[in-house]
2 protein chains.
Amino acid sequence: MAYRKTERVREHLAGVREALLREGRQLVATEGFAGLQVARLAERAGVATGTIYGHFPNKGALCAEVFAVASQREVDLMRQVLEQPGPVVERLAAATRTWCERAQRGRVLARALLTEPVDPAVEEARLVYRAAYAAVIADTLREGITTGELPAQDAEVSAACVVGALAEAVLGPVVGVPDGASGRDPTVSIVRFCLAALGAPP
Amino acid sequence: MAYRKTERVREHLAGVREALLREGRQLVATEGFAGLQVARLAERAGVATGTIYGHFPNKGALCAEVFAVASQREVDLMRQVLEQPGPVVERLAAATRTWCERAQRGRVLARALLTEPVDPAVEEARLVYRAAYAAVIADTLREGITTGELPAQDAEVSAACVVGALAEAVLGPVVGVPDGASGRDPTVSIVRFCLAALGAPP
DNA sequence: CAAAGATGTGAATGTGGATTCACACCTTGG
DNA sequence: CCAAGGTGTGAATCCACATTCACATCTTTG
């Protein structure tokens with residue numbers, strides 16, 4: 001046994017893997033998953049196509065991991081906002097507002113994470129992360145219901161509805177970006193919609 | 001000029017076209033768009049693959065048309081429910097309830113129309129039909145706002161949110177089919193969510 | 001019926017990527 | 001330095017389909 005991976009090698013490997021994920025995310029953020037092609041990613045990361053297959057068993061797994069990294073970041077952010085101290089209703093308002101703003105800023109990424117057609121492996125991961133979003137919101141709803149800040153309701157269903165409403169409102173065909181000219185900022189309407197739906201006093 | 005399409009021929013052609021769309025919809029309803037392959041559809045409809053290209057310029061167009069037929073049916077149904085006489089709030093409740101029930105019954109079709117990854121041509125059509133859904137709902141909202149049955153709000157945004165909430169709640173990862181065991185029917189919660197969101201009195 | 005034109009056929013071809021793999025090049029421990 | 005194993009390379013291969021096309025067949029009109 002003349003060879004055994006040493007720390008240095010392990011680090012180098014980890015570095016390449018990280019570069020792949022980083023460049024992958026970058027690619028997805030600018031062009032969506034459609035832009036995440038093996039050959040292209042390899043070039044961007046400065047390796048040969050074959051190398052990628054030393055780090056991921058196939059493209060689906062690669063995509064799923066790129067997706068997971070990006071999504072986890074969003075879920076964490078939302079949880080962070082929701083765990084701030086203060087009244088439940090205000091926290092929910094802040095969370096929905098944050099979501100709208102992030103989605104509007106990083107439109108392509110948001111679309112990629114939420115609605116862009118993707119390979120089945122990613123679709124599976126997408127369900128997981130949508131559920132994670134909903135779970136984080138549901139936790140806060142339950143808290144509000146317990147303290148009486150919100151009326152009794154099925155927290156899971158309400159949370160899912162909120163996720164859906166946000167996704168459709170911000171990314172769907174109906175509502176565009178805030179329209180400076182008309183002064184109408186959909187964010188305000190969206191936040192109001194969600195709070196009313198949850199039974200927050202107006 | 002020894003030949004000119006006669007009525008009988010035109011009818012036959014139309015029949016084949018119709019069969020293709022019908023079988024296409026059937027395929028999509030049972031397996032989603034993934035199941036809609038040219039060779040398979042040809043077999044089902046009893047024609048050769050080449051024949052399909054006499055009716056549609058390419059697969060994208062075929063899919064888009066299958067999609068349009070199926071979607072139009074749903075939009076029409078929703079409009080029909082919303083145009084019934086009666087209080088706006090009740091009509092909205094009926095419409096959301098109908099949607100939930102239809103989606104639960106025809107799960108695969110609903111998923112195909114709303115969220116399944118699809119070819120770009122269909123994606124485009126999808127946006128159009130989502131907008132159509134929203135437009136139908138928005139009309140009713142405006143009516144309710146005018147008559148004072150609903151509080152003032154941005155009808156377009158609210159409608160989009162409702163569409164999103166319905167889609168996510170019924171098809172998303174969180175809420176399953178009605179769970180006979182626990183007796184919890186998500187439909188009721190979903191309808192309540194939407195009505196509350198729109199500001200309908202509880 | 002014959003000629004002209006449509007339409008139908010399905011095996012062969014094309015296509016856009018992912019995936020492989022024979023080989024070259026490193027890294028390590030002796 | 002050597003042998004044993006890792007790791008990197010990228011052109012060649014594979015694949016699942018859509019798409020084409022040379023030919024056969026059917027329809028219509030004179």
# chains A, B, ... in the order shown; residues from 1 in each chain; ligands from 1
>>> interface_residues(of="chain A", to="chain D", cutoff="12 Å", atoms="only C-alpha atoms (C1' of nucleotides)", output="list in words")
Met1, Ala2, Tyr3, Arg4, Lys5, Thr6, Val9, Arg10, His12, Leu13, Val16, Ala39, Ala42, Glu43, Gly46, Val47, Ala48, Thr49, Gly50, Thr51, Ile52, Tyr53, Gly54 and His55 of chain A
>>> calpha_fit_and_write(fixed="chain B", moving="chain A", output="PDB file with C-alpha atoms, in the first residue's frame")
ATOM      1  CA  MET A   1     -55.617  20.989 -61.535  1.00  0.00           C
ATOM      2  CA  ALA A   2     -56.944  17.533 -61.142  1.00  0.00           C
ATOM      3  CA  TYR A   3     -57.216  17.475 -57.398  1.00  0.00           C
ATOM      4  CA  ARG A   4     -58.709  19.755 -54.819  1.00  0.00           C
ATOM      5  CA  LYS A   5     -59.436  18.770 -51.232  1.00  0.00           C
ATOM      6  CA  THR A   6     -63.120  17.941 -50.956  1.00  0.00           C
ATOM      7  CA  GLU A   7     -65.301  18.073 -47.875  1.00  0.00           C
ATOM      8  CA  ARG A   8     -64.925  14.398 -47.185  1.00  0.00           C
ATOM      9  CA  VAL A   9     -61.157  14.663 -47.145  1.00  0.00           C
ATOM     10  CA  ARG A  10     -61.244  17.727 -44.967  1.00  0.00           C
ATOM     11  CA  GLU A  11     -63.384  15.834 -42.493  1.00  0.00           C
ATOM     12  CA  HIS A  12     -61.096  12.862 -42.477  1.00  0.00           C
ATOM     13  CA  LEU A  13     -58.132  15.131 -41.815  1.00  0.00           C
ATOM     14  CA  ALA A  14     -59.982  16.874 -39.030  1.00  0.00           C
ATOM     15  CA  GLY A  15     -60.857  13.481 -37.588  1.00  0.00           C
ATOM     16  CA  VAL A  16     -57.228  12.411 -37.458  1.00  0.00           C
ATOM     17  CA  ARG A  17     -56.204  15.700 -35.904  1.00  0.00           C
ATOM     18  CA  GLU A  18     -58.916  15.352 -33.311  1.00  0.00           C
ATOM     19  CA  ALA A  19     -57.882  11.790 -32.562  1.00  0.00           C
ATOM     20  CA  LEU A  20     -54.315  12.963 -32.049  1.00  0.00           C
ATOM     21  CA  LEU A  21     -55.404  15.627 -29.610  1.00  0.00           C
ATOM     22  CA  ARG A  22     -57.780  13.295 -27.824  1.00  0.00           C
ATOM     23  CA  GLU A  23     -55.237  10.518 -27.435  1.00  0.00           C
ATOM     24  CA  GLY A  24     -52.624  13.067 -26.517  1.00  0.00           C
ATOM     25  CA  ARG A  25     -54.749  14.401 -23.727  1.00  0.00           C
ATOM     26  CA  GLN A  26     -55.431  10.886 -22.576  1.00  0.00           C
ATOM     27  CA  LEU A  27     -51.730  10.129 -22.495  1.00  0.00           C
ATOM     28  CA  VAL A  28     -51.019  13.306 -20.553  1.00  0.00           C
ATOM     29  CA  ALA A  29     -53.848  12.631 -18.127  1.00  0.00           C
ATOM     30  CA  THR A  30     -52.434   9.239 -17.237  1.00  0.00           C
ATOM     31  CA  GLU A  31     -48.696   9.772 -17.491  1.00  0.00           C
ATOM     32  CA  GLY A  32     -48.075  13.465 -17.771  1.00  0.00           C
ATOM     33  CA  PHE A  33     -46.277  15.132 -20.632  1.00  0.00           C
ATOM     34  CA  ALA A  34     -43.394  12.744 -20.151  1.00  0.00           C
ATOM     35  CA  GLY A  35     -45.678  10.080 -21.601  1.00  0.00           C
ATOM     36  CA  LEU A  36     -46.504  12.099 -24.665  1.00  0.00           C
ATOM     37  CA  GLN A  37     -43.956  10.767 -27.156  1.00  0.00           C
ATOM     38  CA  VAL A  38     -44.412  11.084 -30.871  1.00  0.00           C
ATOM     39  CA  ALA A  39     -44.022   7.407 -31.645  1.00  0.00           C
ATOM     40  CA  ARG A  40     -46.343   6.385 -28.854  1.00  0.00           C
ATOM     41  CA  LEU A  41     -49.005   8.883 -29.763  1.00  0.00           C
ATOM     42  CA  ALA A  42     -48.847   7.758 -33.376  1.00  0.00           C
ATOM     43  CA  GLU A  43     -49.405   4.160 -32.369  1.00  0.00           C
ATOM     44  CA  ARG A  44     -52.288   5.072 -30.067  1.00  0.00           C
ATOM     45  CA  ALA A  45     -53.959   7.139 -32.757  1.00  0.00           C
ATOM     46  CA  GLY A  46     -53.385   4.443 -35.356  1.00  0.00           C
ATOM     47  CA  VAL A  47     -51.171   6.439 -37.705  1.00  0.00           C
ATOM     48  CA  ALA A  48     -47.484   6.504 -38.612  1.00  0.00           C
ATOM     49  CA  THR A  49     -45.128   8.909 -36.894  1.00  0.00           C
ATOM     50  CA  GLY A  50     -44.641  10.859 -40.066  1.00  0.00           C
ATOM     51  CA  THR A  51     -48.348  11.561 -40.277  1.00  0.00           C
ATOM     52  CA  ILE A  52     -48.214  13.604 -37.114  1.00  0.00           C
ATOM     53  CA  TYR A  53     -45.935  16.040 -38.864  1.00  0.00           C
ATOM     54  CA  GLY A  54     -48.617  16.687 -41.404  1.00  0.00           C
ATOM     55  CA  HIS A  55     -50.772  18.063 -38.629  1.00  0.00           C
ATOM     56  CA  PHE A  56     -48.237  19.769 -36.400  1.00  0.00           C
ATOM     57  CA  PRO A  57     -44.950  21.370 -37.377  1.00  0.00           C
ATOM     58  CA  ASN A  58     -43.108  19.796 -34.470  1.00  0.00           C
ATOM     59  CA  LYS A  59     -43.529  18.191 -31.112  1.00  0.00           C
ATOM     60  CA  GLY A  60     -43.568  21.451 -29.221  1.00  0.00           C
ATOM     61  CA  ALA A  61     -46.570  22.681 -31.168  1.00  0.00           C
ATOM     62  CA  LEU A  62     -48.335  19.390 -30.638  1.00  0.00           C
ATOM     63  CA  CYS A  63     -47.746  19.522 -26.901  1.00  0.00           C
ATOM     64  CA  ALA A  64     -48.796  23.132 -26.738  1.00  0.00           C
ATOM     65  CA  GLU A  65     -52.061  22.337 -28.437  1.00  0.00           C
ATOM     66  CA  VAL A  66     -52.803  19.333 -26.267  1.00  0.00           C
ATOM     67  CA  PHE A  67     -52.076  21.566 -23.335  1.00  0.00           C
ATOM     68  CA  ALA A  68     -54.297  24.346 -24.609  1.00  0.00           C
ATOM     69  CA  VAL A  69     -57.254  22.045 -25.139  1.00  0.00           C
ATOM     70  CA  ALA A  70     -56.998  20.640 -21.638  1.00  0.00           C
ATOM     71  CA  SER A  71     -56.434  24.001 -20.001  1.00  0.00           C
ATOM     72  CA  GLN A  72     -59.200  25.796 -21.801  1.00  0.00           C
ATOM     73  CA  ARG A  73     -61.600  23.253 -20.467  1.00  0.00           C
ATOM     74  CA  GLU A  74     -60.525  24.054 -16.918  1.00  0.00           C
ATOM     75  CA  VAL A  75     -60.647  27.783 -17.358  1.00  0.00           C
ATOM     76  CA  ASP A  76     -64.112  27.552 -18.876  1.00  0.00           C
ATOM     77  CA  LEU A  77     -65.299  25.466 -15.997  1.00  0.00           C
ATOM     78  CA  MET A  78     -63.973  27.943 -13.470  1.00  0.00           C
ATOM     79  CA  ARG A  79     -65.547  30.844 -15.291  1.00  0.00           C
ATOM     80  CA  GLN A  80     -68.827  29.008 -15.391  1.00  0.00           C
ATOM     81  CA  VAL A  81     -68.777  28.506 -11.644  1.00  0.00           C
ATOM     82  CA  LEU A  82     -67.810  32.119 -11.045  1.00  0.00           C
ATOM     83  CA  GLU A  83     -70.568  33.447 -13.265  1.00  0.00           C
ATOM     84  CA  GLN A  84     -73.309  31.717 -11.369  1.00  0.00           C
ATOM     85  CA  PRO A  85     -75.718  34.163  -9.710  1.00  0.00           C
ATOM     86  CA  GLY A  86     -75.323  34.816  -5.994  1.00  0.00           C
ATOM     87  CA  PRO A  87     -73.000  36.612  -3.579  1.00  0.00           C
ATOM     88  CA  VAL A  88     -69.428  37.030  -4.753  1.00  0.00           C
ATOM     89  CA  VAL A  89     -67.991  35.380  -1.693  1.00  0.00           C
ATOM     90  CA  GLU A  90     -70.056  32.269  -2.168  1.00  0.00           C
ATOM     91  CA  ARG A  91     -69.096  32.042  -5.808  1.00  0.00           C
ATOM     92  CA  LEU A  92     -65.431  32.328  -4.948  1.00  0.00           C
ATOM     93  CA  ALA A  93     -65.811  29.639  -2.339  1.00  0.00           C
ATOM     94  CA  ALA A  94     -67.494  27.378  -4.844  1.00  0.00           C
ATOM     95  CA  ALA A  95     -64.799  28.017  -7.426  1.00  0.00           C
ATOM     96  CA  THR A  96     -61.906  27.229  -5.109  1.00  0.00           C
ATOM     97  CA  ARG A  97     -63.692  24.165  -3.835  1.00  0.00           C
ATOM     98  CA  THR A  98     -64.304  22.958  -7.367  1.00  0.00           C
ATOM     99  CA  TRP A  99     -60.668  23.484  -8.259  1.00  0.00           C
ATOM    100  CA  CYS A 100     -59.466  21.484  -5.259  1.00  0.00           C
ATOM    101  CA  GLU A 101     -61.805  18.651  -6.018  1.00  0.00           C
ATOM    102  CA  ARG A 102     -60.912  18.460  -9.689  1.00  0.00           C
ATOM    103  CA  ALA A 103     -57.225  18.588  -8.947  1.00  0.00           C
ATOM    104  CA  GLN A 104     -57.521  15.838  -6.400  1.00  0.00           C
ATOM    105  CA  ARG A 105     -59.481  13.633  -8.732  1.00  0.00           C
ATOM    106  CA  GLY A 106     -57.280  14.202 -11.793  1.00  0.00           C
ATOM    107  CA  ARG A 107     -53.982  14.507 -10.016  1.00  0.00           C
ATOM    108  CA  VAL A 108     -51.682  13.624 -12.891  1.00  0.00           C
ATOM    109  CA  LEU A 109     -53.455  15.926 -15.289  1.00  0.00           C
ATOM    110  CA  ALA A 110     -53.479  18.761 -12.791  1.00  0.00           C
ATOM    111  CA  ARG A 111     -49.785  18.326 -12.199  1.00  0.00           C
ATOM    112  CA  ALA A 112     -49.121  18.211 -15.921  1.00  0.00           C
ATOM    113  CA  LEU A 113     -51.030  21.409 -16.490  1.00  0.00           C
ATOM    114  CA  LEU A 114     -49.618  23.288 -13.550  1.00  0.00           C
ATOM    115  CA  THR A 115     -46.188  22.131 -12.505  1.00  0.00           C
ATOM    116  CA  GLU A 116     -44.731  19.227 -14.449  1.00  0.00           C
ATOM    117  CA  PRO A 117     -41.501  20.090 -16.213  1.00  0.00           C
ATOM    118  CA  VAL A 118     -42.323  20.626 -19.866  1.00  0.00           C
ATOM    119  CA  ASP A 119     -40.887  21.721 -23.154  1.00  0.00           C
ATOM    120  CA  PRO A 120     -40.520  25.469 -23.623  1.00  0.00           C
ATOM    121  CA  ALA A 121     -43.449  25.771 -26.021  1.00  0.00           C
ATOM    122  CA  VAL A 122     -45.731  24.354 -23.363  1.00  0.00           C
ATOM    123  CA  GLU A 123     -44.186  26.501 -20.686  1.00  0.00           C
ATOM    124  CA  GLU A 124     -45.223  29.515 -22.698  1.00  0.00           C
ATOM    125  CA  ALA A 125     -48.760  28.249 -23.071  1.00  0.00           C
ATOM    126  CA  ARG A 126     -48.787  27.499 -19.385  1.00  0.00           C
ATOM    127  CA  LEU A 127     -48.131  31.114 -18.563  1.00  0.00           C
ATOM    128  CA  VAL A 128     -50.961  32.143 -20.832  1.00  0.00           C
ATOM    129  CA  TYR A 129     -53.415  29.849 -19.118  1.00  0.00           C
ATOM    130  CA  ARG A 130     -52.276  30.709 -15.644  1.00  0.00           C
ATOM    131  CA  ALA A 131     -52.912  34.295 -16.570  1.00  0.00           C
ATOM    132  CA  ALA A 132     -56.326  33.283 -17.886  1.00  0.00           C
ATOM    133  CA  TYR A 133     -57.202  31.653 -14.591  1.00  0.00           C
ATOM    134  CA  ALA A 134     -56.082  34.727 -12.744  1.00  0.00           C
ATOM    135  CA  ALA A 135     -58.024  36.984 -15.089  1.00  0.00           C
ATOM    136  CA  VAL A 136     -61.260  35.112 -14.517  1.00  0.00           C
ATOM    137  CA  ILE A 137     -60.826  35.350 -10.781  1.00  0.00           C
ATOM    138  CA  ALA A 138     -59.788  38.989 -10.953  1.00  0.00           C
ATOM    139  CA  ASP A 139     -63.025  39.820 -12.763  1.00  0.00           C
ATOM    140  CA  THR A 140     -65.047  38.436  -9.922  1.00  0.00           C
ATOM    141  CA  LEU A 141     -62.893  40.193  -7.360  1.00  0.00           C
ATOM    142  CA  ARG A 142     -63.444  43.507  -9.075  1.00  0.00           C
ATOM    143  CA  GLU A 143     -67.144  42.873  -9.030  1.00  0.00           C
ATOM    144  CA  GLY A 144     -67.016  42.167  -5.304  1.00  0.00           C
ATOM    145  CA  ILE A 145     -64.971  45.274  -4.652  1.00  0.00           C
ATOM    146  CA  THR A 146     -67.449  47.389  -6.586  1.00  0.00           C
ATOM    147  CA  THR A 147     -70.446  46.063  -4.700  1.00  0.00           C
ATOM    148  CA  GLY A 148     -68.634  46.383  -1.406  1.00  0.00           C
ATOM    149  CA  GLU A 149     -68.691  42.662  -0.743  1.00  0.00           C
ATOM    150  CA  LEU A 150     -64.905  42.704  -0.691  1.00  0.00           C
ATOM    151  CA  PRO A 151     -62.501  45.353   0.591  1.00  0.00           C
ATOM    152  CA  ALA A 152     -60.421  47.393  -1.829  1.00  0.00           C
ATOM    153  CA  GLN A 153     -57.344  45.517  -3.110  1.00  0.00           C
ATOM    154  CA  ASP A 154     -55.241  44.949  -6.175  1.00  0.00           C
ATOM    155  CA  ALA A 155     -57.443  42.425  -7.951  1.00  0.00           C
ATOM    156  CA  GLU A 156     -54.700  41.199 -10.289  1.00  0.00           C
ATOM    157  CA  VAL A 157     -52.259  40.483  -7.523  1.00  0.00           C
ATOM    158  CA  SER A 158     -54.857  38.876  -5.300  1.00  0.00           C
ATOM    159  CA  ALA A 159     -56.028  36.670  -8.138  1.00  0.00           C
ATOM    160  CA  ALA A 160     -52.486  35.564  -8.912  1.00  0.00           C
ATOM    161  CA  CYS A 161     -51.933  34.769  -5.250  1.00  0.00           C
ATOM    162  CA  VAL A 162     -55.063  32.663  -5.156  1.00  0.00           C
ATOM    163  CA  VAL A 163     -53.961  30.694  -8.191  1.00  0.00           C
ATOM    164  CA  GLY A 164     -50.578  30.105  -6.608  1.00  0.00           C
ATOM    165  CA  ALA A 165     -52.009  29.119  -3.269  1.00  0.00           C
ATOM    166  CA  LEU A 166     -54.374  26.635  -4.855  1.00  0.00           C
ATOM    167  CA  ALA A 167     -51.686  25.083  -7.004  1.00  0.00           C
ATOM    168  CA  GLU A 168     -49.199  24.692  -4.197  1.00  0.00           C
ATOM    169  CA  ALA A 169     -51.692  23.543  -1.627  1.00  0.00           C
ATOM    170  CA  VAL A 170     -53.199  20.849  -3.776  1.00  0.00           C
ATOM    171  CA  LEU A 171     -50.148  19.656  -5.695  1.00  0.00           C
ATOM    172  CA  GLY A 172     -47.258  20.577  -3.464  1.00  0.00           C
ATOM    173  CA  PRO A 173     -45.268  18.332  -1.207  1.00  0.00           C
ATOM    174  CA  VAL A 174     -46.936  19.376   2.007  1.00  0.00           C
ATOM    175  CA  VAL A 175     -50.595  18.587   1.726  1.00  0.00           C
ATOM    176  CA  GLY A 176     -51.725  15.228   0.471  1.00  0.00           C
ATOM    177  CA  VAL A 177     -55.105  13.962  -0.512  1.00  0.00           C
ATOM    178  CA  PRO A 178     -57.889  14.215   2.025  1.00  0.00           C
ATOM    179  CA  ASP A 179     -56.949  11.899   4.815  1.00  0.00           C
ATOM    180  CA  GLY A 180     -59.983   9.845   5.663  1.00  0.00           C
ATOM    181  CA  ALA A 181     -58.384   8.497   8.803  1.00  0.00           C
ATOM    182  CA  SER A 182     -57.660  11.814  10.474  1.00  0.00           C
ATOM    183  CA  GLY A 183     -60.787  13.281   8.977  1.00  0.00           C
ATOM    184  CA  ARG A 184     -58.796  16.310   7.905  1.00  0.00           C
ATOM    185  CA  ASP A 185     -59.843  17.543   4.518  1.00  0.00           C
ATOM    186  CA  PRO A 186     -57.382  20.160   3.309  1.00  0.00           C
ATOM    187  CA  THR A 187     -59.970  21.536   0.931  1.00  0.00           C
ATOM    188  CA  VAL A 188     -61.827  23.225   3.742  1.00  0.00           C
ATOM    189  CA  SER A 189     -58.651  24.847   5.042  1.00  0.00           C
ATOM    190  CA  ILE A 190     -57.609  25.942   1.578  1.00  0.00           C
ATOM    191  CA  VAL A 191     -60.950  27.544   0.848  1.00  0.00           C
ATOM    192  CA  ARG A 192     -60.887  29.314   4.193  1.00  0.00           C
ATOM    193  CA  PHE A 193     -57.376  30.564   3.487  1.00  0.00           C
ATOM    194  CA  CYS A 194     -58.373  32.049   0.150  1.00  0.00           C
ATOM    195  CA  LEU A 195     -61.535  33.710   1.424  1.00  0.00           C
ATOM    196  CA  ALA A 196     -59.744  35.229   4.391  1.00  0.00           C
ATOM    197  CA  ALA A 197     -56.998  36.466   2.102  1.00  0.00           C
ATOM    198  CA  LEU A 198     -59.527  38.218  -0.063  1.00  0.00           C
ATOM    199  CA  GLY A 199     -61.031  39.903   2.953  1.00  0.00           C
ATOM    200  CA  ALA A 200     -64.312  38.024   2.958  1.00  0.00           C
ATOM    201  CA  PRO A 201     -66.059  38.366   6.302  1.00  0.00           C
ATOM    202  CA  PRO A 202     -65.513  35.168   8.310  1.00  0.00           C
TER     203      PRO A 202
END
>>> interface_residues(of="chain C", to="chain A", cutoff="9 Å", atoms="only C-alpha atoms (C1' of nucleotides)", output="list in words")
DG17, DA18, DT19, DT20, DT27, DT28, DG29 and DG30 of chain C
>>> write_last_selection(atoms="C-alpha atoms (C1' of nucleotides)", output="short mmCIF file (atom, residue, chain, number, x, y, z; two decimals), in the first residue's frame")
data_model
loop_
_atom_site.label_atom_id
_atom_site.label_comp_id
_atom_site.auth_asym_id
_atom_site.auth_seq_id
_atom_site.Cartn_x
_atom_site.Cartn_y
_atom_site.Cartn_z
"C1'" DG C 17 -26.05 16.36 -24.78
"C1'" DA C 18 -24.49 13.04 -21.10
"C1'" DT C 19 -21.37 9.48 -20.15
"C1'" DT C 20 -17.35 6.49 -20.71
"C1'" DT C 27 1.14 11.43 -4.89
"C1'" DT C 28 2.52 8.61 -1.46
"C1'" DG C 29 5.16 5.24 1.38
"C1'" DG C 30 8.91 2.16 1.20
#
>>> select_by_dssp(residues="chain B", states="helix (DSSP H, G or I)", output="PyMOL selection string")
chain B and resi 7-31+33-35+38-45+49-55+59-82+88-105+107-114+120-147+155-171+186-198
